[in-house]
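Next up, coords.pdb (PDB, C-alpha atoms):
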```
MODEL        1
ATOM      1  CA  MET T  48     -93.971 224.768  15.812
ATOM      2  CA  ASP T  49     -96.815 222.439  16.824
ATOM      3  CA  PHE T  50     -99.712 224.630  18.018
ATOM      4  CA  LYS T  51    -100.999 222.086  20.585
ATOM      5  CA  TYR T  52     -97.573 221.885  22.200
ATOM      6  CA  PHE T  53     -97.137 225.661  22.141
ATOM      7  CA  ARG T  54    -100.615 226.180  23.644
ATOM      8  CA  SER T  55    -100.001 223.656  26.411
ATOM      9  CA  VAL T  56     -96.681 225.273  27.348
ATOM     10  CA  VAL T  57     -98.147 228.797  27.400
ATOM     11  CA  VAL T  58    -101.252 227.781  29.343
ATOM     12  CA  SER T  59     -99.253 225.748  31.860
ATOM     13  CA  GLN T  60     -96.875 228.628  32.500
ATOM     14  CA  LEU T  61     -99.782 231.004  33.077
ATOM     15  CA  PHE T  62    -101.350 228.632  35.574
ATOM     16  CA  ALA T  63     -98.037 227.858  37.247
ATOM     17  CA  VAL T  64     -97.780 231.547  38.074
ATOM     18  CA  ALA T  65    -101.375 231.673  39.270
ATOM     19  CA  ARG T  66    -101.009 228.380  41.199
ATOM     20  CA  ARG T  67    -104.697 227.752  40.632
ATOM     21  CA  PRO T  68    -105.101 225.507  37.553
ATOM     22  CA  TRP T  69    -108.138 223.793  39.063
ATOM     23  CA  LEU T  70    -110.119 227.006  38.580
ATOM     24  CA  PHE T  71    -109.890 226.621  34.788
ATOM     25  CA  PRO T  72    -110.391 222.928  33.988
ATOM     26  CA  GLU T  73    -112.180 223.612  30.700
ATOM     27  CA  LEU T  74    -109.060 225.282  29.294
ATOM     28  CA  LEU T  75    -106.850 222.473  30.474
ATOM     29  CA  MET T  76    -109.073 219.498  29.665
ATOM     30  CA  ASN T  77    -109.803 220.153  26.012
ATOM     31  CA  LYS T  78    -107.720 217.573  24.131
ATOM     32  CA  LYS T  79    -107.798 213.832  24.760
ATOM     33  CA  ASP T  80    -104.279 213.324  23.448
ATOM     34  CA  ASP T  81    -102.495 215.789  25.720
ATOM     35  CA  PHE T  82    -101.515 213.295  28.433
ATOM     36  CA  TRP T  83     -99.291 215.392  30.712
ATOM     37  CA  ILE T  84     -96.490 212.930  31.236
ATOM     38  CA  ASN T  85     -93.017 212.805  29.773
ATOM     39  CA  HIS T  86     -92.804 211.299  26.303
ATOM     40  CA  SER T  87     -90.756 208.233  27.354
ATOM     41  CA  ALA T  88     -93.325 207.285  29.987
ATOM     42  CA  LYS T  89     -96.162 207.862  27.519
ATOM     43  CA  LYS T  90     -94.547 205.379  25.134
ATOM     44  CA  TRP T  91     -94.201 202.896  28.005
ATOM     45  CA  PHE T  92     -97.942 203.160  28.719
ATOM     46  CA  LEU T  93     -98.783 202.596  25.050
ATOM     47  CA  SER T  94     -96.772 199.369  25.093
ATOM     48  CA  ASN T  95     -97.545 198.078  28.584
ATOM     49  CA  ALA T  96    -101.076 199.119  29.588
ATOM     50  CA  LYS T  97    -102.871 197.201  26.831
ATOM     51  CA  GLY T  98    -105.416 194.788  28.269
ATOM     52  CA  LYS T  99    -104.609 195.813  31.845
ATOM     53  CA  ARG T 100    -106.866 196.729  34.731
ATOM     54  CA  VAL T 101    -105.790 200.210  35.898
ATOM     55  CA  PHE T 102    -106.521 202.353  38.951
ATOM     56  CA  GLU T 103    -105.630 206.034  38.853
ATOM     57  CA  TYR T 104    -105.284 208.528  41.686
ATOM     58  CA  GLY T 105    -106.019 211.915  40.079
ATOM     59  CA  SER T 106    -108.104 212.103  36.919
ATOM     60  CA  GLY T 107    -107.267 214.259  33.934
ATOM     61  CA  TYR T 108    -105.887 213.831  30.428
ATOM     62  CA  SER T 109    -104.378 210.543  31.542
ATOM     63  CA  THR T 110    -107.820 209.061  32.252
ATOM     64  CA  ASP T 111    -109.046 209.195  28.653
ATOM     65  CA  PHE T 112    -105.589 208.341  27.295
ATOM     66  CA  LEU T 113    -105.377 205.213  29.465
ATOM     67  CA  ALA T 114    -109.013 204.269  28.748
ATOM     68  CA  GLY T 115    -108.038 204.203  25.082
ATOM     69  CA  VAL T 116    -105.293 201.682  25.831
ATOM     70  CA  CYS T 117    -106.255 199.565  28.836
ATOM     71  CA  LYS T 118    -109.028 197.033  29.485
ATOM     72  CA  GLU T 119    -110.536 199.035  32.372
ATOM     73  CA  ILE T 120    -109.687 202.203  34.289
ATOM     74  CA  ILE T 121    -111.111 203.437  37.563
ATOM     75  CA  SER T 122    -109.995 206.924  38.504
ATOM     76  CA  VAL T 123    -110.581 208.739  41.782
ATOM     77  CA  GLU T 124    -110.644 212.552  41.818
ATOM     78  CA  GLY T 125    -110.811 214.900  44.790
ATOM     79  CA  ASN T 126    -111.570 218.172  43.018
ATOM     80  CA  PRO T 127    -115.196 218.628  41.855
ATOM     81  CA  LEU T 128    -114.201 220.800  38.866
ATOM     82  CA  TRP T 129    -111.610 218.303  37.587
ATOM     83  CA  PHE T 130    -114.111 215.507  38.208
ATOM     84  CA  LYS T 131    -116.726 217.283  36.091
ATOM     85  CA  SER T 132    -114.272 217.800  33.242
ATOM     86  CA  SER T 133    -112.743 214.334  33.270
ATOM     87  CA  SER T 134    -116.173 212.662  33.519
ATOM     88  CA  LYS T 135    -117.596 214.344  30.406
ATOM     89  CA  LYS T 136    -116.368 211.841  27.852
ATOM     90  CA  LYS T 137    -118.219 208.575  28.374
ATOM     91  CA  MET T 138    -116.294 205.383  27.654
ATOM     92  CA  LYS T 139    -117.387 201.800  28.419
ATOM     93  CA  ASN T 140    -114.184 200.940  30.253
ATOM     94  CA  LYS T 141    -113.816 204.219  32.217
ATOM     95  CA  LYS T 142    -115.207 205.070  35.640
ATOM     96  CA  VAL T 143    -114.367 208.344  37.407
ATOM     97  CA  VAL T 144    -115.315 208.684  41.077
ATOM     98  CA  LEU T 145    -115.405 211.882  43.159
ATOM     99  CA  ARG T 146    -114.128 211.570  46.738
ATOM    100  CA  THR T 147    -113.507 214.866  48.525
ATOM    101  CA  SER T 148    -112.331 213.627  51.924
ATOM    102  CA  LYS T 149    -108.762 212.383  52.299
ATOM    103  CA  ASN T 150    -109.814 209.055  53.825
ATOM    104  CA  ALA T 151    -112.392 208.293  51.121
ATOM    105  CA  TYR T 152    -109.953 209.364  48.384
ATOM    106  CA  VAL T 153    -107.039 207.233  49.559
ATOM    107  CA  ASN T 154    -109.196 204.182  50.303
ATOM    108  CA  GLU T 155    -111.332 204.195  47.136
ATOM    109  CA  ILE T 156    -109.071 201.563  45.572
ATOM    110  CA  ALA T 157    -110.097 199.037  48.256
ATOM    111  CA  LYS T 158    -113.642 198.947  46.845
ATOM    112  CA  HIS T 159    -112.483 197.679  43.457
ATOM    113  CA  GLY T 160    -110.213 194.679  44.018
ATOM    114  CA  MET T 161    -106.768 194.057  42.558
ATOM    115  CA  PHE T 162    -105.087 195.899  39.691
ATOM    116  CA  ASP T 163    -102.368 195.320  37.116
ATOM    117  CA  LEU T 164    -101.267 198.946  37.164
ATOM    118  CA  VAL T 165    -101.806 201.857  39.559
ATOM    119  CA  PHE T 166    -100.970 205.377  38.436
ATOM    120  CA  VAL T 167    -100.384 207.920  41.232
ATOM    121  CA  ASP T 168    -100.500 211.534  40.064
ATOM    122  CA  ALA T 169    -102.434 213.345  42.764
ATOM    123  CA  GLU T 170    -102.597 214.662  46.281
ATOM    124  CA  TYR T 171    -101.726 212.443  49.257
ATOM    125  CA  ARG T 172     -99.140 210.639  47.125
ATOM    126  CA  SER T 173     -97.462 208.792  49.948
ATOM    127  CA  GLU T 174    -100.724 207.466  51.392
ATOM    128  CA  CYS T 175    -102.081 206.632  47.934
ATOM    129  CA  ALA T 176     -98.929 204.756  46.938
ATOM    130  CA  LYS T 177     -98.950 202.693  50.136
ATOM    131  CA  LYS T 178    -102.630 201.807  49.713
ATOM    132  CA  ALA T 179    -102.097 201.072  46.011
ATOM    133  CA  TRP T 180     -99.310 198.606  46.822
ATOM    134  CA  GLN T 181    -101.815 196.522  48.822
ATOM    135  CA  HIS T 182    -104.122 196.312  45.779
ATOM    136  CA  LEU T 183    -101.499 195.625  43.149
ATOM    137  CA  LYS T 184    -101.272 192.123  41.686
ATOM    138  CA  ARG T 185     -97.962 190.276  41.721
ATOM    139  CA  GLY T 186     -96.131 191.503  38.624
ATOM    140  CA  GLY T 187     -98.231 194.672  38.683
ATOM    141  CA  VAL T 188     -96.718 198.117  38.283
ATOM    142  CA  LEU T 189     -96.947 201.111  40.599
ATOM    143  CA  VAL T 190     -96.360 204.304  38.605
ATOM    144  CA  LEU T 191     -95.408 207.571  40.351
ATOM    145  CA  ASP T 192     -95.597 210.593  38.087
ATOM    146  CA  ASP T 193     -93.345 213.625  38.637
ATOM    147  CA  ALA T 194     -90.953 211.445  40.635
ATOM    148  CA  ASN T 195     -88.261 214.111  40.455
ATOM    149  CA  SER T 196     -90.399 217.048  41.591
ATOM    150  CA  ILE T 197     -92.189 216.020  44.765
ATOM    151  CA  ALA T 198     -90.030 216.542  47.845
ATOM    152  CA  HIS T 199     -90.827 213.128  49.312
ATOM    153  CA  ALA T 200     -91.005 211.207  46.011
ATOM    154  CA  LYS T 201     -87.634 209.528  46.560
ATOM    155  CA  ALA T 202     -88.752 208.262  49.967
ATOM    156  CA  ILE T 203     -91.998 206.942  48.472
ATOM    157  CA  TYR T 204     -90.171 205.322  45.561
ATOM    158  CA  ASP T 205     -87.506 203.777  47.819
ATOM    159  CA  SER T 206     -90.031 202.345  50.290
ATOM    160  CA  PHE T 207     -91.219 199.628  47.881
ATOM    161  CA  SER T 208     -89.378 196.438  47.000
ATOM    162  CA  GLY T 209     -89.335 195.214  43.435
ATOM    163  CA  LYS T 210     -87.708 196.091  40.150
ATOM    164  CA  LYS T 211     -87.497 199.880  39.867
ATOM    165  CA  PHE T 212     -86.812 202.178  36.966
ATOM    166  CA  LYS T 213     -87.456 205.760  35.953
ATOM    167  CA  LEU T 214     -88.201 207.244  32.578
ATOM    168  CA  GLY T 215     -87.508 210.899  31.991
ATOM    169  CA  GLY T 216     -87.983 213.479  29.316
ATOM    170  CA  LEU T 217     -89.827 216.596  28.272
ATOM    171  CA  LYS T 218     -93.391 217.030  29.437
ATOM    172  CA  SER T 219     -95.725 218.731  26.966
ATOM    173  CA  ASN T 220     -97.450 220.967  29.499
ATOM    174  CA  THR T 221     -94.247 222.450  30.944
ATOM    175  CA  GLY T 222     -91.467 221.959  28.449
ATOM    176  CA  GLY T 223     -89.270 220.929  31.391
ATOM    177  CA  TYR T 224     -87.565 217.648  32.248
ATOM    178  CA  TRP T 225     -89.707 215.308  34.369
ATOM    179  CA  GLU T 226     -89.313 211.749  35.580
ATOM    180  CA  THR T 227     -91.884 209.020  36.102
ATOM    181  CA  GLY T 228     -90.984 206.232  38.540
ATOM    182  CA  PHE T 229     -92.054 202.608  38.090
ATOM    183  CA  VAL T 230     -91.966 199.767  40.658
ATOM    184  CA  ILE T 231     -92.852 196.224  39.600
ATOM    185  CA  LYS T 232     -94.263 194.178  42.481
ATOM    186  CA  ASN T 233     -92.519 190.842  43.062
TER     187      ASN T 233
ENDMDL
END
```
What would the structure in this file look like if it were written as structure tokens?
Amino acid sequence: MDFKYFRSVVVSQLFAVARRPWLFPELLMNKKDDFWINHSAKKWFLSNAKGKRVFEYGSGYSTDFLAGVCKEIISVEGNPLWFKSSSKKKMKNKKVVLRTSKNAYVNEIAKHGMFDLVFVDAEYRSECAKKAWQHLKRGGVLVLDDANSIAHAKAIYDSFSGKKFKLGGLKSNTGGYWETGFVIKN
């Protein structure tokens, strides 16, 4: 068995019980290649984020992973401990911003122009997705992680017009089945 996968499953289950993973970011944020998204969606990012300008709501493993693929990534984080951990690795094309108020967090994207891809994997998902849509280029992609687990994810996903698809599969940090939703802006 792959030790990294085993470790991520064990650690995630411990923190799921505790419901306080943000208290231990150093344990969680220790490998750049452990992007916590299902494997099908991860492959999609590898093929489709190259050369793209990306905005991310919620920094983490995905931030460094996407910085290794895309042209530029700007990530907004609301938790000071996650911000500290995800800001450690310096990369030319990566900017991580801390915004602790809901208004500042949701509206951070407006300070940075238009994007090819916006990845929503954070708090205030509905508000973030709506704001992201306004700053997404035509042909750009809105990505909603954990589209099958958030109670209002279907409503968020259904509220946007454009080509829609979901990719599902096992997620390395849980071992469970998770879906990621994609909406391409017309």
For CA of Lys136 (chain T) and CA of Lys184 (chain T), quote the distance in Å rounded to one decimal.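 These two atoms are separated by 28.4 Å.
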T:Lys218, T:Lys211, T:Lys97, T:Arg172 ranked by distance to Cys117 (chain T), top pick (using all atoms listed in the file):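 Of T:Lys218, T:Lys211, T:Lys97, T:Arg172, the one nearest Cys117 (chain T), counting all atoms listed in the file, is T:Lys97.
Closest approach to Ala179 (chain T) among T:Val230, T:Leu217, T:Val143, T:Met138 is made by T:Val230 (distances from all atoms listed in the file).
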For this structure, which residues satisfy the selection - the PyMOL selection byres ((chain T and resi 189-196) around 7) - when it is evaluated on the file as given? I want them as a list in words. Leu164, Val165, Phe166, Val167, Asp168, Gly187, Val188, Ile197, Ala198, Ala200, Trp225, Glu226, Thr227, Gly228, Phe229, Val230 and Ile231 of chain T
I'd like the contact shell of Ile120 (chain T) - 7 Å cut-off, all atoms listed in the file, skipping same-chain residues fewer than 6 positions apart - returned as number ranges by chain. T: 100-102, 114, 140-142
Output region 167-226 of chain T from the block with C-alpha atoms, as a PDB file, in the first residue's frame?
```pdb
ATOM      1  CA  VAL T 167     -14.243  27.178  -5.441  1.00  0.00           C
ATOM      2  CA  ASP T 168     -13.331  24.938  -2.511  1.00  0.00           C
ATOM      3  CA  ALA T 169     -14.019  27.050   0.552  1.00  0.00           C
ATOM      4  CA  GLU T 170     -16.505  28.714   2.828  1.00  0.00           C
ATOM      5  CA  TYR T 171     -19.269  30.940   1.433  1.00  0.00           C
ATOM      6  CA  ARG T 172     -19.440  28.743  -1.670  1.00  0.00           C
ATOM      7  CA  SER T 173     -22.641  30.180  -3.044  1.00  0.00           C
ATOM      8  CA  GLU T 174     -21.486  33.792  -2.725  1.00  0.00           C
ATOM      9  CA  CYS T 175     -18.016  32.948  -4.048  1.00  0.00           C
ATOM     10  CA  ALA T 176     -19.406  31.103  -7.067  1.00  0.00           C
ATOM     11  CA  LYS T 177     -21.730  33.981  -7.961  1.00  0.00           C
ATOM     12  CA  LYS T 178     -18.920  36.534  -7.662  1.00  0.00           C
ATOM     13  CA  ALA T 179     -16.553  34.256  -9.594  1.00  0.00           C
ATOM     14  CA  TRP T 180     -19.020  34.014 -12.485  1.00  0.00           C
ATOM     15  CA  GLN T 181     -18.781  37.804 -12.931  1.00  0.00           C
ATOM     16  CA  HIS T 182     -14.978  37.559 -13.257  1.00  0.00           C
ATOM     17  CA  LEU T 183     -14.815  34.539 -15.520  1.00  0.00           C
ATOM     18  CA  LYS T 184     -13.869  35.054 -19.167  1.00  0.00           C
ATOM     19  CA  ARG T 185     -16.125  33.720 -21.906  1.00  0.00           C
ATOM     20  CA  GLY T 186     -15.094  30.086 -22.330  1.00  0.00           C
ATOM     21  CA  GLY T 187     -13.737  30.095 -18.779  1.00  0.00           C
ATOM     22  CA  VAL T 188     -14.491  27.327 -16.311  1.00  0.00           C
ATOM     23  CA  LEU T 189     -16.060  27.559 -12.866  1.00  0.00           C
ATOM     24  CA  VAL T 190     -15.012  24.540 -10.791  1.00  0.00           C
ATOM     25  CA  LEU T 191     -16.963  23.528  -7.661  1.00  0.00           C
ATOM     26  CA  ASP T 192     -15.190  20.930  -5.561  1.00  0.00           C
ATOM     27  CA  ASP T 193     -17.141  18.439  -3.427  1.00  0.00           C
ATOM     28  CA  ALA T 194     -20.215  19.052  -5.580  1.00  0.00           C
ATOM     29  CA  ASN T 195     -21.925  15.990  -4.135  1.00  0.00           C
ATOM     30  CA  SER T 196     -21.332  16.783  -0.460  1.00  0.00           C
ATOM     31  CA  ILE T 197     -22.448  20.348   0.152  1.00  0.00           C
ATOM     32  CA  ALA T 198     -26.180  20.574   0.818  1.00  0.00           C
ATOM     33  CA  HIS T 199     -26.697  23.507  -1.543  1.00  0.00           C
ATOM     34  CA  ALA T 200     -24.134  22.466  -4.182  1.00  0.00           C
ATOM     35  CA  LYS T 201     -26.810  21.332  -6.640  1.00  0.00           C
ATOM     36  CA  ALA T 202     -28.550  24.703  -6.394  1.00  0.00           C
ATOM     37  CA  ILE T 203     -25.243  26.512  -6.946  1.00  0.00           C
ATOM     38  CA  TYR T 204     -24.328  24.257  -9.865  1.00  0.00           C
ATOM     39  CA  ASP T 205     -27.784  24.568 -11.461  1.00  0.00           C
ATOM     40  CA  SER T 206     -27.882  28.368 -11.177  1.00  0.00           C
ATOM     41  CA  PHE T 207     -25.287  28.888 -13.932  1.00  0.00           C
ATOM     42  CA  SER T 208     -25.863  28.558 -17.661  1.00  0.00           C
ATOM     43  CA  GLY T 209     -23.262  26.902 -19.828  1.00  0.00           C
ATOM     44  CA  LYS T 210     -21.952  23.443 -20.554  1.00  0.00           C
ATOM     45  CA  LYS T 211     -21.913  21.449 -17.312  1.00  0.00           C
ATOM     46  CA  PHE T 212     -20.258  18.212 -16.340  1.00  0.00           C
ATOM     47  CA  LYS T 213     -19.102  16.427 -13.217  1.00  0.00           C
ATOM     48  CA  LEU T 214     -16.123  14.202 -12.641  1.00  0.00           C
ATOM     49  CA  GLY T 215     -16.186  11.767  -9.770  1.00  0.00           C
ATOM     50  CA  GLY T 216     -13.914   9.303  -8.094  1.00  0.00           C
ATOM     51  CA  LEU T 217     -11.918   8.495  -5.000  1.00  0.00           C
ATOM     52  CA  LYS T 218     -10.364  11.354  -3.087  1.00  0.00           C
ATOM     53  CA  SER T 219      -6.977  10.627  -1.524  1.00  0.00           C
ATOM     54  CA  ASN T 220      -7.688  12.311   1.801  1.00  0.00           C
ATOM     55  CA  THR T 221     -10.930  10.428   2.498  1.00  0.00           C
ATOM     56  CA  GLY T 222     -10.974   7.299   0.399  1.00  0.00           C
ATOM     57  CA  GLY T 223     -14.620   8.105  -0.379  1.00  0.00           C
ATOM     58  CA  TYR T 224     -16.383   8.963  -3.628  1.00  0.00           C
ATOM     59  CA  TRP T 225     -16.476  12.701  -4.388  1.00  0.00           C
ATOM     60  CA  GLU T 226     -17.610  14.761  -7.348  1.00  0.00           C
TER      61      GLU T 226
END
```
